[in-house]
Structure formats: structure tokens, C-alpha cells
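Asks: Just so it is clear, I am handing over final-v3.cif, which has mmCIF, C-alpha atoms.
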data_protein
#
loop_
_atom_site.label_atom_id
_atom_site.label_comp_id
_atom_site.auth_asym_id
_atom_site.auth_seq_id
_atom_site.Cartn_x
_atom_site.Cartn_y
_atom_site.Cartn_z
CA MET D 974 -3.28 -12.65 9.98
CA LYS D 975 -0.36 -11.69 12.20
CA LEU D 976 2.41 -9.47 10.94
CA THR D 977 5.60 -11.30 11.84
CA GLU D 978 9.07 -9.81 11.87
CA ARG D 979 10.00 -11.98 8.88
CA THR D 980 6.99 -10.74 6.86
CA SER D 981 7.77 -7.15 7.79
CA GLN D 982 11.37 -7.55 6.63
CA GLN D 983 10.34 -9.20 3.35
CA ILE D 984 7.88 -6.40 2.57
CA GLU D 985 10.49 -3.79 3.50
CA ARG D 986 13.00 -5.36 1.08
CA PHE D 987 10.31 -5.50 -1.60
CA ILE D 988 9.56 -1.77 -1.25
CA THR D 989 13.28 -0.97 -1.19
CA LYS D 990 13.76 -2.91 -4.45
CA ILE D 991 11.02 -0.86 -6.08
CA ALA D 992 12.61 2.38 -4.88
CA GLN D 993 16.00 1.27 -6.22
CA LYS D 994 14.47 0.92 -9.71
CA PHE D 995 13.53 4.62 -9.58
CA PRO D 996 16.50 6.46 -8.08
CA THR D 997 16.29 10.18 -7.42
CA ASN D 998 17.85 12.14 -10.27
CA GLU D 999 17.18 15.14 -12.46
CA ASP D 1000 15.25 13.07 -15.02
CA THR D 1001 12.17 11.82 -13.20
CA ASN D 1002 10.21 8.98 -14.73
CA ILE D 1003 6.73 9.77 -15.97
CA LEU D 1004 5.36 6.60 -14.38
CA THR D 1005 2.28 7.53 -12.37
CA ASP D 1006 1.39 4.40 -10.41
CA ILE D 1007 2.96 1.30 -8.98
CA HIS D 1008 0.56 -1.62 -9.11
CA LEU D 1009 0.88 -4.33 -6.47
CA ARG D 1010 -0.65 -7.79 -6.72
CA VAL D 1011 -0.67 -10.42 -4.01
CA ILE D 1012 -1.33 -14.07 -4.80
CA GLN D 1013 -2.83 -15.85 -1.82
CA ASP D 1014 -1.93 -19.43 -2.78
CA SER D 1015 1.73 -18.87 -3.57
CA GLY D 1016 2.42 -15.94 -1.23
CA GLU D 1017 3.87 -14.01 -4.16
CA MET D 1018 3.81 -10.24 -4.22
CA LEU D 1019 4.46 -8.51 -7.53
CA ALA D 1020 4.94 -4.89 -8.55
CA PHE D 1021 4.17 -3.54 -12.02
CA ASP D 1022 4.45 -0.19 -13.74
CA ASP D 1023 1.69 1.53 -15.74
CA ASP D 1024 2.61 -0.49 -18.84
CA ASP D 1025 2.18 -3.76 -16.90
CA GLN D 1026 5.93 -4.38 -16.96
CA GLU D 1027 7.11 -6.24 -13.89
CA ILE D 1028 9.29 -4.16 -11.58
CA THR D 1029 10.02 -6.78 -8.95
CA ARG D 1030 8.54 -9.73 -7.09
CA CYS D 1031 9.04 -11.60 -3.87
CA VAL D 1032 7.49 -14.42 -1.88
CA ILE D 1033 6.11 -13.66 1.56
CA GLU D 1034 6.72 -17.02 3.20
CA ASP D 1035 4.10 -16.55 5.92
CA TRP D 1036 1.46 -15.95 3.23
CA ILE D 1037 2.04 -19.20 1.31
CA ASP D 1038 -1.16 -21.30 1.31
CA ASN D 1039 -2.91 -18.79 3.56
CA LYS D 1040 -6.56 -19.85 3.67
CA GLU D 1041 -7.98 -16.91 5.63
CA GLU D 1042 -11.17 -15.47 4.15
CA ASN D 1043 -10.15 -11.87 4.77
CA PHE D 1044 -6.60 -12.34 3.45
CA TYR D 1045 -6.76 -9.48 0.94
CA GLU D 1046 -8.27 -6.97 3.38
CA GLU D 1047 -5.61 -7.76 5.95
CA SER D 1048 -2.79 -7.66 3.40
CA ILE D 1049 -3.98 -4.18 2.36
CA GLY D 1050 -3.65 -2.99 5.96
CA ILE D 1051 -0.21 -4.55 6.32
CA LEU D 1052 1.02 -3.00 3.07
CA ARG D 1053 -0.33 0.45 4.01
CA LYS D 1054 1.51 0.28 7.31
CA SER D 1055 4.74 -0.83 5.61
CA LEU D 1056 4.51 1.93 3.00
CA GLN D 1057 3.91 4.49 5.72
CA GLN D 1058 6.96 3.28 7.62
CA GLN D 1059 9.10 3.64 4.50
CA HIS D 1060 7.71 6.99 3.37
CA ASP D 1061 11.19 8.59 3.41
CA ILE D 1062 12.42 6.14 0.77
CA ILE D 1063 9.21 6.32 -1.28
CA ASP D 1064 9.04 10.11 -1.31
CA LYS D 1065 12.56 10.30 -2.78
CA MET D 1066 11.75 7.99 -5.69
CA GLY D 1067 12.46 9.41 -9.11
CA ILE D 1068 8.84 9.30 -10.20
CA LEU D 1069 6.91 12.32 -11.39
CA LYS D 1070 4.45 13.30 -8.65
CA PRO D 1071 1.68 12.65 -7.95
CA PHE D 1072 2.15 8.90 -7.90
CA SER D 1073 0.38 6.06 -6.16
CA PHE D 1074 0.86 2.56 -4.86
CA VAL D 1075 -2.34 0.68 -5.68
CA MET D 1076 -3.44 -2.87 -4.88
CA GLU D 1077 -4.93 -4.78 -7.79
CA ASN D 1078 -6.81 -8.03 -8.04
CA ASP D 1079 -5.98 -10.83 -10.49
CA ASP D 1080 -8.00 -9.05 -13.20
CA GLN D 1081 -5.79 -5.97 -12.87
CA GLU D 1082 -8.63 -3.93 -11.37
CA THR D 1083 -7.74 -1.49 -8.59
CA VAL D 1084 -8.94 -2.77 -5.22
CA ALA D 1085 -7.41 -0.11 -2.95
CA GLU D 1086 -5.13 2.87 -3.00
CA LEU D 1087 -2.38 2.14 -0.53
CA TYR D 1088 -0.28 5.30 -0.71
CA VAL D 1089 -0.63 8.52 -2.72
CA ALA D 1090 2.17 11.07 -2.77
CA ASP D 1091 2.03 14.57 -4.23
CA ASP D 1092 5.01 16.73 -3.25
CA ASP D 1093 4.23 17.89 0.29
CA THR D 1094 0.93 16.01 0.47
CA VAL D 1095 0.86 12.32 1.29
CA ILE D 1096 -2.36 10.37 1.66
CA ILE D 1097 -2.08 7.02 3.38
CA GLY D 1098 -4.95 4.63 3.81
CA GLY D 1099 -8.59 4.59 2.74
CA ASP D 1100 -9.69 5.21 -0.78
CA ILE D 1101 -9.63 8.89 -1.64
CA MET D 1102 -13.06 8.88 -3.25
CA GLU D 1103 -14.74 6.30 -1.07
CA ASN D 1104 -18.54 6.19 -1.59
CA LEU D 1105 -18.30 8.57 -4.56
CA ASP D 1106 -20.76 6.48 -6.61
CA LYS D 1107 -23.34 6.58 -3.83
CA ASP D 1108 -22.89 10.34 -3.38
CA LEU D 1109 -23.32 10.95 -7.10
CA ASP D 1110 -26.39 8.69 -7.25
CA ASP D 1111 -27.95 10.55 -4.31
CA PHE D 1112 -27.17 13.89 -5.93
CA PHE D 1113 -28.72 12.79 -9.24
CA ALA D 1114 -31.82 11.42 -7.48
CA ASN D 1115 -32.31 14.75 -5.69
CA LEU D 1116 -31.98 16.61 -8.99
CA MET D 1117 -34.59 14.39 -10.61
CA LYS D 1118 -37.07 15.08 -7.78
CA GLU D 1119 -36.97 18.79 -8.53
#
For the file at hand, write its structure as C-alpha cells.
Replies:
Amino acid sequence: MKLTERTSQQIERFITKIAQKFPTNEDTNILTDIHLRVIQDSGEMLAFDDDDQEITRCVIEDWIDNKEENFYEESIGILRKSLQQQHDIIDKMGILKPFSFVMENDDQETVAELYVADDDTVIIGGDIMENLDKDLDDFFANLMKE
């Protein structure tokens, strides 16, 4: 999936709309995550708060009826890059830190962490606790051997 200029602009406007809903002020919102969902058939991208209230939505025209098998993996990469490019806007959002942008599937299960911000620390890309289950299983198996 190619990232076109039009797609880049639509995602940038989408992120800007989210940031506008949480302006910087003395009273920061307690919201801890922004949940993003992408619908492959319609090209819709939606943002929700922790209470599953819709923040904003848009249609990425180049994603309408996209039939690529790895659509979601590629959209994760595109969104991470876009969030990184707009980190100045995101870091000034009036949300209590730490906060995250997470990608969810249709069942509202987290698929990937796209952007995690905590004051001076920003983590972009890869899941923070990737392979944690395997590491814990290996640790437990080693304990049981002893």
C-alpha cells in the first residue's frame, strides 16, 4: 500500500481534529488513551476515547475497498509515521500523561500501540511489551524445572 500525498493529508487532518478536541489548558483531561479503528471496506478511520465515545472520523479515500491482505499491518506503519511527524501537536494535547494512541480491531481489542507519550519520554513504534507472554512462559518453565 503506497502512502499518497492525499492519504497523508487526510491522516494529518484527522490527527489535528483529535488534538483540537483536547486543547492545552490548565485543566487536563484524565483520558488515558485514544483508540483508532480503521475499516478496510469503507476506508473509514475513527477515533474514540476510553469511554468508547467517538472523537472524530474521516474517510481515507485511497483505502476504500482496499483488498490487500496486509492492509492492517501497513496501515499501522503509516499511522505510526504520521503520528511521529505530528508529535509537536500531540505532545501539547490537554490529556493527562502518560497517554497512548492505540490501534484496535473491530472487536475493540488492542492490536498495536502506535504512540505512547509520557512527559519527556515518547515511544513510537513496536509494542512496548512485545513477546512478554513468551518471556513469562519461559521464566515459569525454568522455575518448574528447579
Asks: So, counting only C-alpha atoms, which residue among D:Thr1083, D:Asn1078, D:Ser1073, D:Gln993 is closest to Ile1028 in chain D?
Replies: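 Checking each of D:Thr1083, D:Asn1078, D:Ser1073, D:Gln993 against Ile1028 in chain D, counting only C-alpha atoms, the winner is D:Gln993.
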Asks: Hey, which of D:Asp1110, D:Asp1023, D:Lys1065, D:Gln1058 ends up closest to Asp1006 in chain D? Count only C-alpha atoms.
Replies: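 Under the stated criterion, the closest residue is D:Asp1023.
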Asks: Between CA of Asp1022 in chain D and CA of Tyr1045 in chain D, what is the distance in Å, rounded to a tenth?
Replies: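 About the pair CA of Asp1022 in chain D and CA of Tyr1045 in chain D: they are 20.7 Å apart.
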Asks: Find, counting all atoms listed in the file, the residue in D:Ile988, D:Val1084, D:Ala1020, D:Ile1003 that gets nearest to Gln1057 in chain D.
Replies: D:Ile988
Asks: For Glu985 in chain D, which residue among D:Asp1064, D:Met1076, D:Ile1051, D:Leu1087 is the nearest when counting all atoms listed in the file?
Replies: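 The shortest atom-to-atom distance to Glu985 in chain D comes from D:Ile1051.
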Asks: Report as a list in words all protein, DNA and RNA residues lying within 10 Å of Thr1029 in chain D, evaluated on all atoms listed in the file, omitting residues in the same chain fewer than 3 positions from it.
Replies: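 So, after excluding close chain neighbours, the residues are Phe987, Ile988, Lys990, Ile991, Lys994, Leu1009, Met1018, Leu1019, Ala1020, Phe1021, Asp1022 and Gln1026 of chain D.
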Asks: Please, what distance in Å, to one decimal, runs between CA of Asp1079 in chain D and CA of Val1032 in chain D?
Replies: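 Pair CA of Asp1079 in chain D / CA of Val1032 in chain D returns 16.4 Å.
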Asks: Which of these residues is nearest to Glu1042 in chain D, using all atoms listed in the file: D:Pro996, D:Asn1115, D:Ile1068, D:Gln1013?
Replies: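 Closest to Glu1042 in chain D of all the choices is D:Gln1013.
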Asks: Determine the residue membership of the PyMOL selection byres ((chain D and resi 1039) around 9) for the file above and supply it as a ChimeraX atom specification.
Replies: /D:974,1013-1016,1035-1038,1040-1042,1044
Asks: Kindly indicate which residue among D:Gln983, D:Arg1010, D:Leu976, D:Thr1005 lies nearest to Asp1080 in chain D, using all atoms listed in the file for the distances.
Replies: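 The shortest atom-to-atom distance to Asp1080 in chain D comes from D:Arg1010.
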Asks: Can you work out the spacing between CA of Asn1043 in chain D and CA of Thr989 in chain D in Å, to one decimal?
Replies: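 Here the two named atoms are 26.5 Å from each other.
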Asks: Applying 12 Å and all atoms listed in the file, which residues near Ala1090 in chain D remain after dropping the ones on its own chain fewer than 5 positions away? List them as a ChimeraX atom specification.
Replies: /D:1005-1007,1056-1057,1060-1066,1068-1075,1095-1098
Asks: Can you report as JSON the centre and edge lengths in Å, to one decimal, of an axis-aligned box around the listed atoms of range 1043-1055 of chain D padded with 8 Å on each side?
Replies:
{"center_x": -2.7, "center_y": -5.9, "center_z": 4.1, "size_x": 30.9, "size_y": 28.8, "size_z": 22.4}
Asks: Generate the missing atoms of range 1039-1050 of chain D up to all heavy atoms and report them as a short mmCIF file (atom, residue, chain, number, x, y, z; two decimals), keeping the file's coordinate frame.
Replies:
data_model
loop_
_atom_site.label_atom_id
_atom_site.label_comp_id
_atom_site.auth_asym_id
_atom_site.auth_seq_id
_atom_site.Cartn_x
_atom_site.Cartn_y
_atom_site.Cartn_z
N ASN D 1039 -2.06 -19.42 2.54
CA ASN D 1039 -2.91 -18.79 3.56
C ASN D 1039 -4.36 -18.98 3.13
O ASN D 1039 -4.75 -18.63 2.03
CB ASN D 1039 -2.57 -17.30 3.66
CG ASN D 1039 -3.31 -16.62 4.77
OD1 ASN D 1039 -4.51 -16.74 4.88
ND2 ASN D 1039 -2.58 -15.91 5.60
N LYS D 1040 -5.17 -19.54 4.00
CA LYS D 1040 -6.56 -19.85 3.67
C LYS D 1040 -7.57 -18.90 4.32
O LYS D 1040 -8.76 -19.12 4.25
CB LYS D 1040 -6.89 -21.29 4.10
CG LYS D 1040 -6.01 -22.35 3.48
CD LYS D 1040 -6.19 -22.40 1.98
CE LYS D 1040 -5.35 -23.55 1.42
NZ LYS D 1040 -4.94 -23.37 0.06
N GLU D 1041 -7.08 -17.84 4.95
CA GLU D 1041 -7.98 -16.91 5.63
C GLU D 1041 -8.91 -16.22 4.63
O GLU D 1041 -8.49 -15.81 3.56
CB GLU D 1041 -7.19 -15.86 6.41
CG GLU D 1041 -6.42 -16.46 7.58
CD GLU D 1041 -5.69 -15.41 8.39
OE1 GLU D 1041 -6.22 -14.29 8.53
OE2 GLU D 1041 -4.59 -15.72 8.88
N GLU D 1042 -10.18 -16.09 5.01
CA GLU D 1042 -11.17 -15.47 4.15
C GLU D 1042 -10.90 -13.99 3.89
O GLU D 1042 -11.15 -13.48 2.82
CB GLU D 1042 -12.56 -15.62 4.77
CG GLU D 1042 -13.47 -16.48 3.97
CD GLU D 1042 -14.83 -16.59 4.61
OE1 GLU D 1042 -15.56 -15.59 4.64
OE2 GLU D 1042 -15.12 -17.70 5.08
N ASN D 1043 -10.40 -13.31 4.89
CA ASN D 1043 -10.15 -11.87 4.77
C ASN D 1043 -8.68 -11.57 4.46
O ASN D 1043 -8.17 -10.52 4.81
CB ASN D 1043 -10.60 -11.14 6.03
CG ASN D 1043 -9.89 -11.65 7.27
OD1 ASN D 1043 -9.20 -12.68 7.24
ND2 ASN D 1043 -10.04 -10.95 8.37
N PHE D 1044 -8.02 -12.47 3.77
CA PHE D 1044 -6.60 -12.34 3.45
C PHE D 1044 -6.30 -11.01 2.76
O PHE D 1044 -5.37 -10.29 3.13
CB PHE D 1044 -6.14 -13.50 2.58
CG PHE D 1044 -4.74 -13.33 2.03
CD1 PHE D 1044 -3.64 -13.60 2.83
CD2 PHE D 1044 -4.53 -12.90 0.73
CE1 PHE D 1044 -2.35 -13.44 2.34
CE2 PHE D 1044 -3.25 -12.73 0.23
CZ PHE D 1044 -2.16 -13.01 1.04
N TYR D 1045 -7.07 -10.67 1.73
CA TYR D 1045 -6.76 -9.48 0.94
C TYR D 1045 -6.98 -8.19 1.75
O TYR D 1045 -6.18 -7.26 1.66
CB TYR D 1045 -7.56 -9.46 -0.37
CG TYR D 1045 -7.05 -10.52 -1.32
CD1 TYR D 1045 -7.75 -11.71 -1.50
CD2 TYR D 1045 -5.86 -10.36 -2.00
CE1 TYR D 1045 -7.27 -12.69 -2.35
CE2 TYR D 1045 -5.37 -11.33 -2.85
CZ TYR D 1045 -6.08 -12.50 -3.02
OH TYR D 1045 -5.60 -13.46 -3.85
N GLU D 1046 -8.03 -8.15 2.55
CA GLU D 1046 -8.27 -6.97 3.38
C GLU D 1046 -7.13 -6.77 4.38
O GLU D 1046 -6.67 -5.66 4.59
CB GLU D 1046 -9.60 -7.09 4.13
CG GLU D 1046 -10.82 -7.01 3.24
CD GLU D 1046 -11.17 -8.32 2.56
OE1 GLU D 1046 -10.63 -9.39 2.95
OE2 GLU D 1046 -11.96 -8.29 1.60
N GLU D 1047 -6.69 -7.87 4.98
CA GLU D 1047 -5.61 -7.76 5.95
C GLU D 1047 -4.28 -7.43 5.28
O GLU D 1047 -3.49 -6.68 5.84
CB GLU D 1047 -5.51 -9.05 6.77
CG GLU D 1047 -6.69 -9.21 7.70
CD GLU D 1047 -6.49 -10.27 8.75
OE1 GLU D 1047 -5.33 -10.51 9.14
OE2 GLU D 1047 -7.50 -10.85 9.17
N SER D 1048 -4.04 -7.98 4.09
CA SER D 1048 -2.79 -7.66 3.40
C SER D 1048 -2.75 -6.19 3.00
O SER D 1048 -1.70 -5.56 3.01
CB SER D 1048 -2.57 -8.57 2.18
OG SER D 1048 -3.56 -8.38 1.21
N ILE D 1049 -3.91 -5.61 2.68
CA ILE D 1049 -3.98 -4.18 2.36
C ILE D 1049 -3.54 -3.36 3.57
O ILE D 1049 -2.74 -2.44 3.44
CB ILE D 1049 -5.41 -3.79 1.90
CG1 ILE D 1049 -5.66 -4.33 0.50
CG2 ILE D 1049 -5.60 -2.28 1.95
CD1 ILE D 1049 -7.11 -4.23 0.05
N GLY D 1050 -4.04 -3.71 4.75
CA GLY D 1050 -3.65 -2.99 5.96
C GLY D 1050 -2.17 -3.12 6.25
O GLY D 1050 -1.50 -2.15 6.63
#
